[in-house]
>>> print(open('run-v4.txt').read())   # compact mmCIF, C-alpha atoms and all ligand atoms
# COMPACT_ATOMS: atom_id res chain seq x y z
CA MET D 21 99.50 74.82 84.69
CA GLU D 22 99.14 74.57 88.39
CA LYS D 23 98.50 77.61 90.55
CA THR D 24 96.87 79.56 87.75
CA LYS D 25 94.45 82.29 88.71
CA SER D 26 92.55 84.71 86.57
CA ILE D 27 91.00 88.09 87.00
CA PHE D 28 88.26 89.42 84.75
CA VAL D 29 88.51 93.12 83.95
CA ASP D 30 84.94 94.14 83.26
CA LEU D 31 84.86 96.98 80.74
CA ASN D 32 81.78 95.99 78.72
CA GLU D 33 82.79 95.20 75.13
CA ARG D 34 86.40 95.99 76.01
CA SER D 35 86.53 93.41 78.84
CA TYR D 36 89.49 91.06 79.10
CA THR D 37 91.08 88.45 81.34
CA ILE D 38 94.38 88.56 83.18
CA VAL D 39 95.87 85.12 83.75
CA ILE D 40 98.38 84.90 86.59
CA GLY D 41 100.49 81.83 87.21
CA ASP D 42 103.83 80.15 87.51
CA ASP D 43 105.39 78.87 84.28
CA ILE D 44 102.35 79.13 82.03
CA TYR D 45 103.88 80.08 78.67
CA ASN D 46 103.12 76.72 77.08
CA GLY D 47 99.48 77.72 77.08
CA VAL D 48 99.92 80.99 75.17
CA ALA D 49 98.63 79.77 71.80
CA ALA D 50 95.61 78.15 73.40
CA TYR D 51 94.73 81.41 75.13
CA ILE D 52 95.06 83.36 71.88
CA GLU D 53 92.61 80.98 70.18
CA HIS D 54 89.84 82.59 72.22
CA PHE D 55 90.05 85.88 70.39
CA ALA D 56 92.37 85.47 67.38
CA ASN D 57 90.55 85.70 64.08
CA ASN D 58 93.57 84.96 61.98
CA ARG D 59 96.91 83.17 62.49
CA GLN D 60 99.28 86.13 62.45
CA VAL D 61 101.23 86.99 65.58
CA ALA D 62 103.85 89.74 65.89
CA ILE D 63 105.92 89.61 69.05
CA ILE D 64 107.61 92.84 70.09
CA THR D 65 110.30 92.45 72.71
CA THR D 66 113.75 93.57 73.79
CA PRO D 67 117.06 91.62 73.76
CA PRO D 68 117.39 90.85 77.51
CA VAL D 69 113.87 89.44 77.60
CA ALA D 70 114.22 87.68 74.25
CA ASN D 71 117.32 85.85 75.50
CA PHE D 72 115.33 84.21 78.24
CA TYR D 73 111.79 83.86 76.92
CA LEU D 74 111.29 84.49 73.20
CA LYS D 75 111.92 80.92 72.09
CA LYS D 76 109.56 79.64 74.73
CA VAL D 77 106.72 81.85 73.56
CA ILE D 78 107.32 81.12 69.86
CA ALA D 79 107.44 77.38 70.61
CA ALA D 80 103.90 77.56 71.93
CA PHE D 81 102.61 78.08 68.36
CA GLN D 82 102.09 75.30 65.82
CA SER D 83 103.48 75.66 62.31
CA GLU D 84 100.24 76.99 60.79
CA TRP D 85 100.80 80.26 62.63
CA GLN D 86 102.79 83.09 61.06
CA VAL D 87 104.87 84.23 64.03
CA ILE D 88 107.31 87.10 63.58
CA SER D 89 109.35 88.87 66.23
CA TYR D 90 111.16 92.19 66.56
CA GLN D 91 113.70 93.10 69.22
CA VAL D 92 113.81 96.83 69.86
CA PRO D 93 116.84 98.20 71.74
CA ASP D 94 116.39 98.06 75.49
CA GLY D 95 115.48 101.30 77.26
CA GLU D 96 113.08 104.19 77.44
CA GLU D 97 114.47 105.72 74.19
CA SER D 98 112.68 103.00 72.24
CA LYS D 99 109.33 104.43 73.28
CA SER D 100 109.41 106.87 70.37
CA ILE D 101 107.56 107.80 67.20
CA ALA D 102 110.72 106.89 65.27
CA MET D 103 110.62 103.34 66.65
CA ALA D 104 106.90 103.16 65.96
CA GLN D 105 107.65 104.02 62.31
CA HIS D 106 110.08 101.08 62.08
CA LEU D 107 107.52 98.75 63.55
CA TYR D 108 104.74 99.89 61.19
CA SER D 109 107.05 99.25 58.23
CA TRP D 110 107.93 95.82 59.59
CA LEU D 111 104.24 94.89 59.94
CA ILE D 112 103.39 96.20 56.47
CA ARG D 113 106.30 94.33 54.89
CA ASN D 114 105.12 91.14 56.54
CA HIS D 115 101.57 91.70 55.25
CA PHE D 116 100.03 91.88 58.67
CA GLU D 117 96.28 92.28 58.48
CA ARG D 118 93.56 93.89 60.53
CA LYS D 119 92.83 90.59 62.29
CA ALA D 120 96.40 89.99 63.46
CA THR D 121 97.62 89.98 67.06
CA ILE D 122 100.50 91.87 68.63
CA ILE D 123 102.18 90.37 71.68
CA ALA D 124 104.04 92.76 73.97
CA LEU D 125 106.68 90.57 75.60
CA GLY D 126 108.65 92.65 78.08
CA GLY D 127 108.56 95.39 80.67
CA GLY D 128 106.54 98.60 80.68
CA VAL D 129 108.52 100.14 77.83
CA ILE D 130 107.55 97.29 75.51
CA GLY D 131 103.97 97.25 76.81
CA ASP D 132 103.49 100.95 76.12
CA LEU D 133 105.22 100.86 72.72
CA ALA D 134 103.70 97.63 71.39
CA GLY D 135 100.34 98.70 72.80
CA PHE D 136 100.60 101.96 70.90
CA ILE D 137 101.38 100.08 67.69
CA ALA D 138 98.40 97.76 68.27
CA ALA D 139 96.13 100.74 68.91
CA THR D 140 97.11 102.56 65.73
CA TYR D 141 98.15 100.03 63.07
CA LEU D 142 95.18 99.67 60.68
CA ARG D 143 93.16 101.63 63.28
CA GLY D 144 93.64 98.95 65.89
CA ILE D 145 94.51 95.25 65.96
CA ASN D 146 94.45 92.64 68.75
CA LEU D 147 96.84 93.25 71.63
CA MET D 148 98.09 90.74 74.15
CA HIS D 149 100.41 91.61 76.99
CA ILE D 150 102.96 89.21 78.40
CA PRO D 151 104.51 91.50 81.02
CA THR D 152 107.89 90.33 82.26
CA SER D 153 108.94 92.97 84.77
CA LEU D 154 107.32 93.19 88.18
CA LEU D 155 106.28 96.76 87.43
CA ALA D 156 104.64 95.74 84.17
CA GLN D 157 102.82 92.83 85.84
CA VAL D 158 101.32 94.84 88.68
CA ASP D 159 100.88 98.13 86.91
CA SER D 160 101.56 99.03 83.28
CA SER D 161 99.94 95.99 81.61
CA ILE D 162 96.61 96.76 83.29
CA GLY D 163 94.40 99.70 82.46
CA GLY D 164 94.94 100.28 78.77
CA LYS D 165 97.28 103.25 78.75
CA VAL D 166 99.59 102.93 75.76
CA GLY D 167 101.91 105.45 74.20
CA VAL D 168 105.29 106.83 73.29
CA ASN D 169 107.37 109.77 74.47
CA HIS D 170 107.87 113.13 72.76
CA SER D 171 111.10 115.09 73.04
CA LEU D 172 109.15 117.68 75.06
CA GLY D 173 107.63 115.24 77.50
CA LYS D 174 107.11 111.64 78.58
CA ASN D 175 104.01 109.69 77.56
CA ILE D 176 102.61 112.67 75.68
CA ILE D 177 101.47 110.72 72.60
CA GLY D 178 99.15 107.83 73.29
CA ALA D 179 95.73 106.32 73.73
CA PHE D 180 93.55 104.22 75.96
CA TYR D 181 93.58 100.81 74.29
CA GLN D 182 92.62 97.66 76.16
CA PRO D 183 94.36 94.34 75.47
CA ARG D 184 92.41 91.20 74.66
CA LEU D 185 94.39 89.21 77.20
CA VAL D 186 97.21 89.56 79.72
CA ILE D 187 99.39 86.68 80.81
CA SER D 188 101.46 87.40 83.91
CA ASP D 189 103.90 84.58 84.53
CA ILE D 190 105.58 84.91 87.91
CA SER D 191 108.43 82.55 86.98
CA VAL D 192 110.05 85.25 84.83
CA LEU D 193 110.73 87.38 87.87
CA THR D 194 113.65 85.13 88.81
CA THR D 195 115.73 86.66 86.01
CA LEU D 196 114.70 90.25 86.66
CA PRO D 197 117.62 92.44 87.81
CA GLN D 198 117.30 93.44 91.48
CA GLU D 199 117.06 97.15 90.67
CA GLU D 200 114.07 96.48 88.41
CA PHE D 201 112.52 94.31 91.08
CA ILE D 202 112.70 97.20 93.55
CA CYS D 203 110.95 99.40 90.97
CA GLY D 204 108.02 96.99 90.93
CA MET D 205 108.04 96.98 94.73
CA GLY D 206 107.57 100.74 94.58
CA GLU D 207 104.21 100.35 92.84
CA ILE D 208 103.27 97.40 95.08
CA ILE D 209 103.89 99.42 98.23
CA LYS D 210 101.86 102.21 96.63
CA TYR D 211 98.81 99.92 96.39
CA GLY D 212 99.20 99.11 100.08
CA PHE D 213 99.30 102.78 100.95
CA ILE D 214 96.36 103.96 98.88
CA TYR D 215 94.00 101.00 98.87
CA ASP D 216 94.73 98.00 101.06
CA GLY D 217 95.98 98.20 104.63
CA ASP D 218 96.19 94.40 104.86
CA LEU D 219 98.49 94.26 101.85
CA PHE D 220 100.64 96.91 103.52
CA THR D 221 100.83 94.97 106.78
CA GLY D 222 101.69 91.79 104.86
CA LEU D 223 104.53 93.60 103.11
CA GLU D 224 105.85 94.89 106.43
CA LYS D 225 105.98 91.30 107.70
CA LYS D 226 107.72 89.92 104.62
CA VAL D 227 110.05 92.78 104.01
CA ASN D 228 113.19 90.80 104.83
CA THR D 229 112.54 87.96 102.42
CA ILE D 230 110.48 89.52 99.67
CA ASN D 231 113.44 90.90 97.74
CA GLN D 232 114.58 87.36 97.02
CA HIS D 233 112.08 86.97 94.15
CA ASN D 234 110.53 83.81 95.59
CA PRO D 235 107.57 82.92 93.31
CA ASP D 236 105.52 81.33 96.11
CA GLU D 237 105.73 84.46 98.17
CA LEU D 238 105.19 86.77 95.21
CA LEU D 239 102.22 85.08 93.59
CA PRO D 240 99.59 86.21 96.14
CA ILE D 241 101.06 89.70 96.27
CA VAL D 242 101.15 90.15 92.50
CA HIS D 243 97.64 88.69 92.30
CA ARG D 244 96.30 91.15 94.88
CA CYS D 245 97.95 94.13 93.18
CA ILE D 246 96.53 93.18 89.80
CA GLU D 247 93.14 92.85 91.46
CA ILE D 248 93.46 96.32 92.98
CA LYS D 249 94.53 98.03 89.77
CA SER D 250 91.81 96.22 87.81
CA GLU D 251 89.21 97.31 90.34
CA ILE D 252 90.31 100.92 90.13
CA VAL D 253 90.45 101.07 86.32
CA THR D 254 87.13 99.27 85.99
CA LYS D 255 85.50 101.95 88.11
CA ASP D 256 87.24 104.77 86.25
CA GLU D 257 88.52 103.65 82.84
CA ARG D 258 89.55 107.06 81.53
CA GLU D 259 90.86 108.67 84.68
CA SER D 260 88.13 111.11 85.51
CA GLY D 261 88.18 110.45 89.24
CA LEU D 262 89.19 107.49 91.40
CA ARG D 263 92.03 106.42 89.09
CA ALA D 264 93.91 109.56 90.06
CA ILE D 265 94.86 107.99 93.42
CA LEU D 266 97.20 105.71 91.48
CA ASN D 267 99.36 108.80 91.13
CA PHE D 268 100.33 108.70 94.81
CA GLY D 269 103.98 109.77 94.97
CA HIS D 270 104.06 110.40 91.22
CA THR D 271 103.97 114.21 91.12
CA PHE D 272 107.12 114.32 93.22
CA GLY D 273 108.55 111.21 91.56
CA HIS D 274 108.20 112.65 88.06
CA ALA D 275 110.10 115.75 89.15
CA PHE D 276 113.05 113.60 90.28
CA GLU D 277 112.91 111.48 87.12
CA SER D 278 112.77 114.53 84.94
CA PHE D 279 115.64 116.27 86.78
CA TYR D 280 117.87 113.30 85.96
CA GLN D 281 116.48 113.30 82.39
CA TYR D 282 115.06 109.81 82.82
CA GLN D 283 118.54 108.34 83.08
CA GLY D 284 119.84 108.44 86.62
CA LEU D 285 116.70 107.23 88.31
CA LYS D 286 114.16 104.64 87.21
CA HIS D 287 110.42 105.22 87.44
CA GLY D 288 109.79 102.87 90.35
CA GLN D 289 112.74 104.27 92.28
CA ALA D 290 111.44 107.78 91.69
CA VAL D 291 108.00 106.71 92.92
CA LEU D 292 109.51 105.34 96.14
CA LEU D 293 111.19 108.70 96.76
CA GLY D 294 108.06 110.55 95.66
CA MET D 295 105.96 108.63 98.18
CA LYS D 296 108.28 109.85 100.94
CA CYS D 297 107.51 113.41 99.86
CA ALA D 298 103.77 112.71 99.73
CA LEU D 299 103.91 111.14 103.20
CA GLU D 300 105.62 114.24 104.52
CA VAL D 301 102.95 116.53 103.07
CA SER D 302 100.19 114.26 104.41
CA ARG D 303 101.71 114.59 107.87
CA LYS D 304 102.15 118.36 107.55
CA LEU D 305 98.45 118.70 106.74
CA ASP D 306 97.54 116.46 109.69
CA LEU D 307 95.92 113.90 107.42
CA ILE D 308 97.97 111.17 109.07
CA ALA D 309 99.40 110.83 112.56
CA GLU D 310 103.07 110.38 113.40
CA PRO D 311 102.99 106.56 113.88
CA ILE D 312 101.51 106.04 110.43
CA PHE D 313 104.05 108.38 108.93
CA LYS D 314 106.85 106.40 110.56
CA ARG D 315 105.50 103.03 109.41
CA GLY D 316 105.23 104.35 105.88
CA LEU D 317 108.73 105.70 105.89
CA ALA D 318 110.17 102.49 107.34
CA LEU D 319 108.75 100.29 104.57
CA ILE D 320 109.96 102.66 101.85
CA ASP D 321 113.41 102.85 103.45
CA HIS D 322 113.67 99.05 103.37
CA MET D 323 113.90 99.32 99.57
CA GLN D 324 117.11 101.36 100.02
CA VAL D 325 116.55 103.83 97.22
CA GLU D 326 118.35 107.14 97.26
CA LEU D 327 119.07 109.95 94.86
CA PRO D 328 121.89 109.00 92.48
CA PRO D 329 125.34 109.69 93.90
CA GLY D 330 127.47 112.49 92.46
CA ILE D 331 127.49 116.25 92.51
CA ASN D 332 124.54 116.69 90.22
CA LYS D 333 121.84 117.04 92.91
CA PRO D 334 118.58 118.90 92.43
CA ASP D 335 117.65 121.79 94.68
CA ILE D 336 114.13 122.75 95.67
CA ASN D 337 113.78 125.36 92.92
CA ASP D 338 114.81 122.93 90.17
CA LEU D 339 112.14 120.53 91.33
CA LEU D 340 109.37 123.12 91.79
CA LYS D 341 110.06 124.42 88.29
CA ILE D 342 109.64 120.91 86.89
CA VAL D 343 106.33 120.39 88.72
CA LYS D 344 105.00 123.64 87.25
CA HIS D 345 106.21 122.74 83.76
CA ASP D 346 104.74 119.21 83.99
CA LYS D 347 101.42 120.67 84.92
CA LYS D 348 101.40 123.00 81.93
CA VAL D 349 102.34 120.30 79.44
CA THR D 350 99.84 117.77 80.72
CA GLN D 351 97.17 120.38 81.56
CA GLY D 352 97.11 118.94 85.04
CA ARG D 353 95.63 120.64 88.06
CA ASN D 354 97.25 121.54 91.33
CA ASN D 355 96.19 118.26 92.85
CA LEU D 356 98.21 116.00 95.09
CA VAL D 357 97.32 112.49 96.16
CA LEU D 358 97.76 112.33 99.92
CA LEU D 359 97.35 109.63 102.50
CA THR D 360 94.58 109.66 105.11
CA ALA D 361 95.39 106.25 106.62
CA ILE D 362 97.37 103.14 105.73
CA GLY D 363 95.12 101.89 102.95
CA ALA D 364 93.32 105.13 102.07
CA ALA D 365 94.17 108.18 100.00
CA LYS D 366 92.45 111.24 98.65
CA VAL D 367 93.11 113.92 96.09
CA VAL D 368 93.78 117.29 97.69
CA PRO D 369 94.08 120.58 95.81
CA VAL D 370 97.38 122.11 96.89
CA GLU D 371 98.06 125.70 95.80
CA ASP D 372 100.71 126.41 98.41
CA GLU D 373 104.13 125.97 96.84
CA SER D 374 105.88 125.87 100.20
CA LEU D 375 104.01 122.68 100.96
CA LEU D 376 105.42 121.04 97.83
CA ALA D 377 108.84 122.30 98.89
CA LYS D 378 108.45 120.64 102.30
CA GLY D 379 107.63 117.41 100.55
CA PHE D 380 110.76 117.54 98.41
CA GLU D 381 112.84 118.39 101.47
CA ALA D 382 111.95 115.00 102.95
CA VAL D 383 114.19 113.46 100.30
CA LEU D 384 116.71 116.27 99.75
CA ARG D 385 117.61 116.50 103.45
CA LYS D 386 119.45 113.21 103.21
CA GLY D 387 120.38 113.25 99.54
N1 LIG I 1 100.91 102.20 80.75
C1 LIG I 1 100.93 102.40 82.03
O1 LIG I 1 99.90 102.45 82.71
C2 LIG I 1 102.26 102.54 82.71
C3 LIG I 1 102.34 102.51 84.12
C4 LIG I 1 103.59 102.57 84.71
C5 LIG I 1 104.73 102.69 83.93
N2 LIG I 1 104.62 102.73 82.57
C6 LIG I 1 105.80 102.83 81.72
O2 LIG I 1 106.56 101.64 81.92
C7 LIG I 1 107.93 101.92 81.65
C8 LIG I 1 108.78 101.30 82.74
O3 LIG I 1 108.56 99.90 82.73
P1 LIG I 1 109.60 98.89 83.41
O4 LIG I 1 109.92 99.38 84.77
O5 LIG I 1 109.05 97.55 83.25
O6 LIG I 1 110.93 99.12 82.55
P2 LIG I 1 111.49 98.36 81.24
O7 LIG I 1 110.42 97.99 80.33
O8 LIG I 1 112.60 99.21 80.73
O9 LIG I 1 112.09 97.01 81.83
C9 LIG I 1 113.11 97.09 82.78
C10 LIG I 1 114.36 96.31 82.38
O10 LIG I 1 114.19 94.94 82.75
C11 LIG I 1 114.41 94.08 81.64
N3 LIG I 1 113.52 92.95 81.87
C12 LIG I 1 112.17 92.96 81.87
N4 LIG I 1 111.71 91.76 82.23
C13 LIG I 1 112.79 90.96 82.48
C14 LIG I 1 112.94 89.63 82.92
N5 LIG I 1 111.89 88.87 83.23
N6 LIG I 1 114.20 89.15 83.05
C15 LIG I 1 115.27 89.93 82.80
N7 LIG I 1 115.18 91.21 82.40
C16 LIG I 1 113.95 91.73 82.25
C17 LIG I 1 114.12 94.94 80.45
O11 LIG I 1 114.74 94.46 79.30
C18 LIG I 1 114.68 96.28 80.91
O12 LIG I 1 116.08 96.30 80.78
C19 LIG I 1 108.05 103.41 81.54
O13 LIG I 1 108.18 103.77 80.18
C20 LIG I 1 106.74 103.94 82.09
O14 LIG I 1 106.35 105.17 81.51
C21 LIG I 1 103.40 102.65 81.96
ZN ZN I 2 104.08 104.54 88.33
>>> encode(input="run-v4.txt", output="structure tokens")
Amino acid sequence: MEKTKSIFVDLNERSYTIVIGDDIYNGVAAYIEHFANNRQVAIITTPPVANFYLKKVIAAFQSEWQVISYQVPDGEESKSIAMAQHLYSWLIRNHFERKATIIALGGGVIGDLAGFIAATYLRGINLMHIPTSLLAQVDSSIGGKVGVNHSLGKNIIGAFYQPRLVISDISVLTTLPQEEFICGMGEIIKYGFIYDGDLFTGLEKKVNTINQHNPDELLPIVHRCIEIKSEIVTKDERESGLRAILNFGHTFGHAFESFYQYQGLKHGQAVLLGMKCALEVSRKLDLIAEPIFKRGLALIDHMQVELPPGINKPDINDLLKIVKHDKKVTQGRNNLVLLTAIGAAKVVPVEDESLLAKGFEAVLRKG
């Protein structure tokens, strides 16, 4: 268990610890002992992750534990009420009690779905995250947002529900497909932009080697990002203020994702494109100077994400329509997160639609 670090997320009685390390699965059962009040564990995962890691996690438990596992089909479609129904039935059939623990072993889809089950089954049972994608490690496993999609919108049904423990094992990133790795990099770069200029500069320096998934190089970066997200959600657990800056690039990004019906473009890829748009608007409003704009763009471009090839390309009006619709469904305001420096962002009310259009053009010009 060398190179293990932990971060305490201080949320009063909902506080929990995030353990970050390299090859630390053997310790899972010992960690659970700290909060488990019975010996029932239900692992929810997905086949690609199960192939690599399920046995390892199950092996950590002695025979007195009742350990069951369920592999939901891979993909965003599994984040549904229908899948939740299956999982409730599975837990009931296995006589899972109020004191049981759910382990979410997988990427953000599994974290959100299994978290939602933990939040609602018997009005809430223990939840432990073992995030296996880079995006889940640095973002979705921290902060307590859990939920499923509705046919009329993404993440519409859900709750704030904090886990009892998160174990982020860097060694799993070696098997993560490159495209998924880039998605995690999207959120990592976002933290550099909005919160930590030193992180950003460090990423600029390592940009040629970082995409090789080297655990030694990744550990400090993942650690710092978890620290940043924990700090932000500790200050603003239910997103009434500061937490909103985490949406940098997301208003634009969601519009791209939604245009491709959550199929052609993954969330992290959409965020990378969305940050380009937000950079453009920040420059147009003179919040950042040209050199900062160029540095920002260069780092994003290193990730080599573009709109999906093919004739089905959005135009400005498609995208503006989606932004308006999103706002209605989520009762959002006309707020954009914009950059004021490398490492600092603020929320700016933007009523002017042409400004949004200029943002989108930053991506459409080339696409
Ligand atoms: N709750 C939050 O705060 C929050 C924040 C951001 C995103 N999200 C949600 O997260 C989801 C996206 O998460 P994601 O990007 O992790 O996608 P994902 O969960 O679909 O995982 C990506 C892919 O990688 C595979 N995979 C994961 N870990 C692996 C590993 N170690 N080795 C090999 N394959 C592996 C998965 O099986 C899947 O095919 C979206 O539903 C989004 O809404 C939630
Ligand atoms: Zn995101």
>>> atom_distance(input="run-v4.txt", atom1="atom CA of Gly173 of chain D", atom2="atom CA of Asp346 of chain D")
8.1 Å
>>> residues_near_ligand(input="run-v4.txt", ligand="ligand ZN 2 (chain I)", cutoff="12 Å", atoms="all atoms listed in the file", output="PyMOL selection string")
chain D and resi 128+154-156+158-162+165+175+203-211+249+264-274+277+286-295
>>> write_last_selection(input="run-v4.txt", atoms="C-alpha atoms", output="tab-separated table (two decimals), in the coordinates of the input")
chain	number	residue	atom	x	y	z
D	128	GLY	CA	106.54	98.60	80.68
D	154	LEU	CA	107.32	93.19	88.18
D	155	LEU	CA	106.28	96.76	87.43
D	156	ALA	CA	104.64	95.74	84.17
D	158	VAL	CA	101.32	94.84	88.68
D	159	ASP	CA	100.88	98.13	86.91
D	160	SER	CA	101.56	99.03	83.28
D	161	SER	CA	99.94	95.99	81.61
D	162	ILE	CA	96.61	96.76	83.29
D	165	LYS	CA	97.28	103.25	78.75
D	175	ASN	CA	104.01	109.69	77.56
D	203	CYS	CA	110.95	99.40	90.97
D	204	GLY	CA	108.02	96.99	90.93
D	205	MET	CA	108.04	96.98	94.73
D	206	GLY	CA	107.57	100.74	94.58
D	207	GLU	CA	104.21	100.35	92.84
D	208	ILE	CA	103.27	97.40	95.08
D	209	ILE	CA	103.89	99.42	98.23
D	210	LYS	CA	101.86	102.21	96.63
D	211	TYR	CA	98.81	99.92	96.39
D	249	LYS	CA	94.53	98.03	89.77
D	264	ALA	CA	93.91	109.56	90.06
D	265	ILE	CA	94.86	107.99	93.42
D	266	LEU	CA	97.20	105.71	91.48
D	267	ASN	CA	99.36	108.80	91.13
D	268	PHE	CA	100.33	108.70	94.81
D	269	GLY	CA	103.98	109.77	94.97
D	270	HIS	CA	104.06	110.40	91.22
D	271	THR	CA	103.97	114.21	91.12
D	272	PHE	CA	107.12	114.32	93.22
D	273	GLY	CA	108.55	111.21	91.56
D	274	HIS	CA	108.20	112.65	88.06
D	277	GLU	CA	112.91	111.48	87.12
D	286	LYS	CA	114.16	104.64	87.21
D	287	HIS	CA	110.42	105.22	87.44
D	288	GLY	CA	109.79	102.87	90.35
D	289	GLN	CA	112.74	104.27	92.28
D	290	ALA	CA	111.44	107.78	91.69
D	291	VAL	CA	108.00	106.71	92.92
D	292	LEU	CA	109.51	105.34	96.14
D	293	LEU	CA	111.19	108.70	96.76
D	294	GLY	CA	108.06	110.55	95.66
D	295	MET	CA	105.96	108.63	98.18
>>> closest_residue(input="run-v4.txt", among="D:Glu247, D:Glu326, D:Asp132, D:Glu259", to="Ile150 of chain D", atoms="all atoms listed in the file")
D:Asp132
>>> residues_near_ligand(input="run-v4.txt", ligand="ligand LIG 1 (chain I)", cutoff="6 Å", atoms="only C-alpha atoms and all ligand atoms", output="JSON, numbers by chain")
{"D": [66, 68, 69, 94, 95, 96, 126, 127, 128, 129, 130, 132, 152, 153, 155, 156, 159, 160, 165, 166, 192, 193, 195, 196, 200]}
>>> closest_residue(input="run-v4.txt", among="D:Ala318, D:Ile190, D:Ile230, D:Leu74", to="Ile202 of chain D", atoms="all atoms listed in the file")
D:Ile230
>>> residues_around(input="run-v4.txt", residues="Ile122 of chain D", least_positions_apart="2", cutoff="10 Å", atoms="all atoms listed in the file", output="mmCIF file with C-alpha atoms, in the frame of the given file")
data_model
loop_
_atom_site.group_PDB
_atom_site.id
_atom_site.type_symbol
_atom_site.label_atom_id
_atom_site.label_comp_id
_atom_site.auth_asym_id
_atom_site.auth_seq_id
_atom_site.Cartn_x
_atom_site.Cartn_y
_atom_site.Cartn_z
ATOM 1 C CA GLN D 60 99.280 86.130 62.450
ATOM 2 C CA VAL D 61 101.230 86.990 65.580
ATOM 3 C CA ALA D 62 103.850 89.740 65.890
ATOM 4 C CA ILE D 63 105.920 89.610 69.050
ATOM 5 C CA ILE D 64 107.610 92.840 70.090
ATOM 6 C CA VAL D 87 104.870 84.230 64.030
ATOM 7 C CA ILE D 88 107.310 87.100 63.580
ATOM 8 C CA SER D 89 109.350 88.870 66.230
ATOM 9 C CA LEU D 111 104.240 94.890 59.940
ATOM 10 C CA PHE D 116 100.030 91.880 58.670
ATOM 11 C CA ALA D 120 96.400 89.990 63.460
ATOM 12 C CA ALA D 124 104.040 92.760 73.970
ATOM 13 C CA LEU D 125 106.680 90.570 75.600
ATOM 14 C CA ALA D 134 103.700 97.630 71.390
ATOM 15 C CA GLY D 135 100.340 98.700 72.800
ATOM 16 C CA ILE D 137 101.380 100.080 67.690
ATOM 17 C CA ALA D 138 98.400 97.760 68.270
ATOM 18 C CA ALA D 139 96.130 100.740 68.910
ATOM 19 C CA ILE D 145 94.510 95.250 65.960
ATOM 20 C CA ASN D 146 94.450 92.640 68.750
ATOM 21 C CA LEU D 147 96.840 93.250 71.630
ATOM 22 C CA MET D 148 98.090 90.740 74.150
ATOM 23 C CA HIS D 149 100.410 91.610 76.990
ATOM 24 C CA PRO D 183 94.360 94.340 75.470
#
>>> residues_around(input="run-v4.txt", residues="Asn354 of chain D", least_positions_apart="2", cutoff="7 Å", atoms="all atoms listed in the file", output="number ranges by chain")
D: 352, 356, 369-371
>>> closest_residue(input="run-v4.txt", among="D:Ala49, D:Ala79, D:Leu238, D:Ile214", to="Lys226 of chain D", atoms="all atoms listed in the file")
D:Leu238
>>> atom_distance(input="run-v4.txt", atom1="atom CA of Leu305 of chain D", atom2="atom CA of Ser260 of chain D")
24.8 Å
>>> closest_residue(input="run-v4.txt", among="D:Tyr280, D:Phe201, D:Phe28, D:Trp110", to="Met323 of chain D", atoms="all atoms listed in the file")
D:Phe201
>>> closest_residue(input="run-v4.txt", among="D:Ala309, D:Leu142, D:Val77, D:Val383", to="Arg118 of chain D", atoms="only C-alpha atoms")
D:Leu142
>>> closest_atom_pairs(input="run-v4.txt", of="segment 102-217 of chain D", to="segment 252-258 of chain D", cutoff="9 Å", atoms="only C-alpha atoms", output="tab-separated table")
residue	atom	partner	partner_atom	distance
D:Ile162	CA	D:Val253	CA	8.1
D:Gly163	CA	D:Val253	CA	5.7
D:Gly164	CA	D:Glu257	CA	8.3
D:Phe180	CA	D:Arg258	CA	7.4
>>> closest_residue(input="run-v4.txt", among="D:Gln232, D:Val325, D:Ala361, D:Asp30", to="Asp306 of chain D", atoms="all atoms listed in the file")
D:Ala361
>>> atom_distance(input="run-v4.txt", atom1="atom CA of Glu117 of chain D", atom2="atom CA of Val92 of chain D")
21.4 Å
>>> residues_around(input="run-v4.txt", residues="Leu319 of chain D", least_positions_apart="6", cutoff="10 Å", atoms="only C-alpha atoms", output="list in words")
Ile209, Phe220, Thr221, Leu223, Glu224, Lys225, Val227 and Leu292 of chain D
>>> residues_around(input="run-v4.txt", residues="Leu375 of chain D", least_positions_apart="5", cutoff="10 Å", atoms="only C-alpha atoms", output="PyMOL selection string")
chain D and resi 297+300-302+304-305+370+380-381
>>> residues_around(input="run-v4.txt", residues="Val368 of chain D", least_positions_apart="6", cutoff="8 Å", atoms="all atoms listed in the file", output="list in words")
Asn355, Leu356, Val357 and Leu358 of chain D
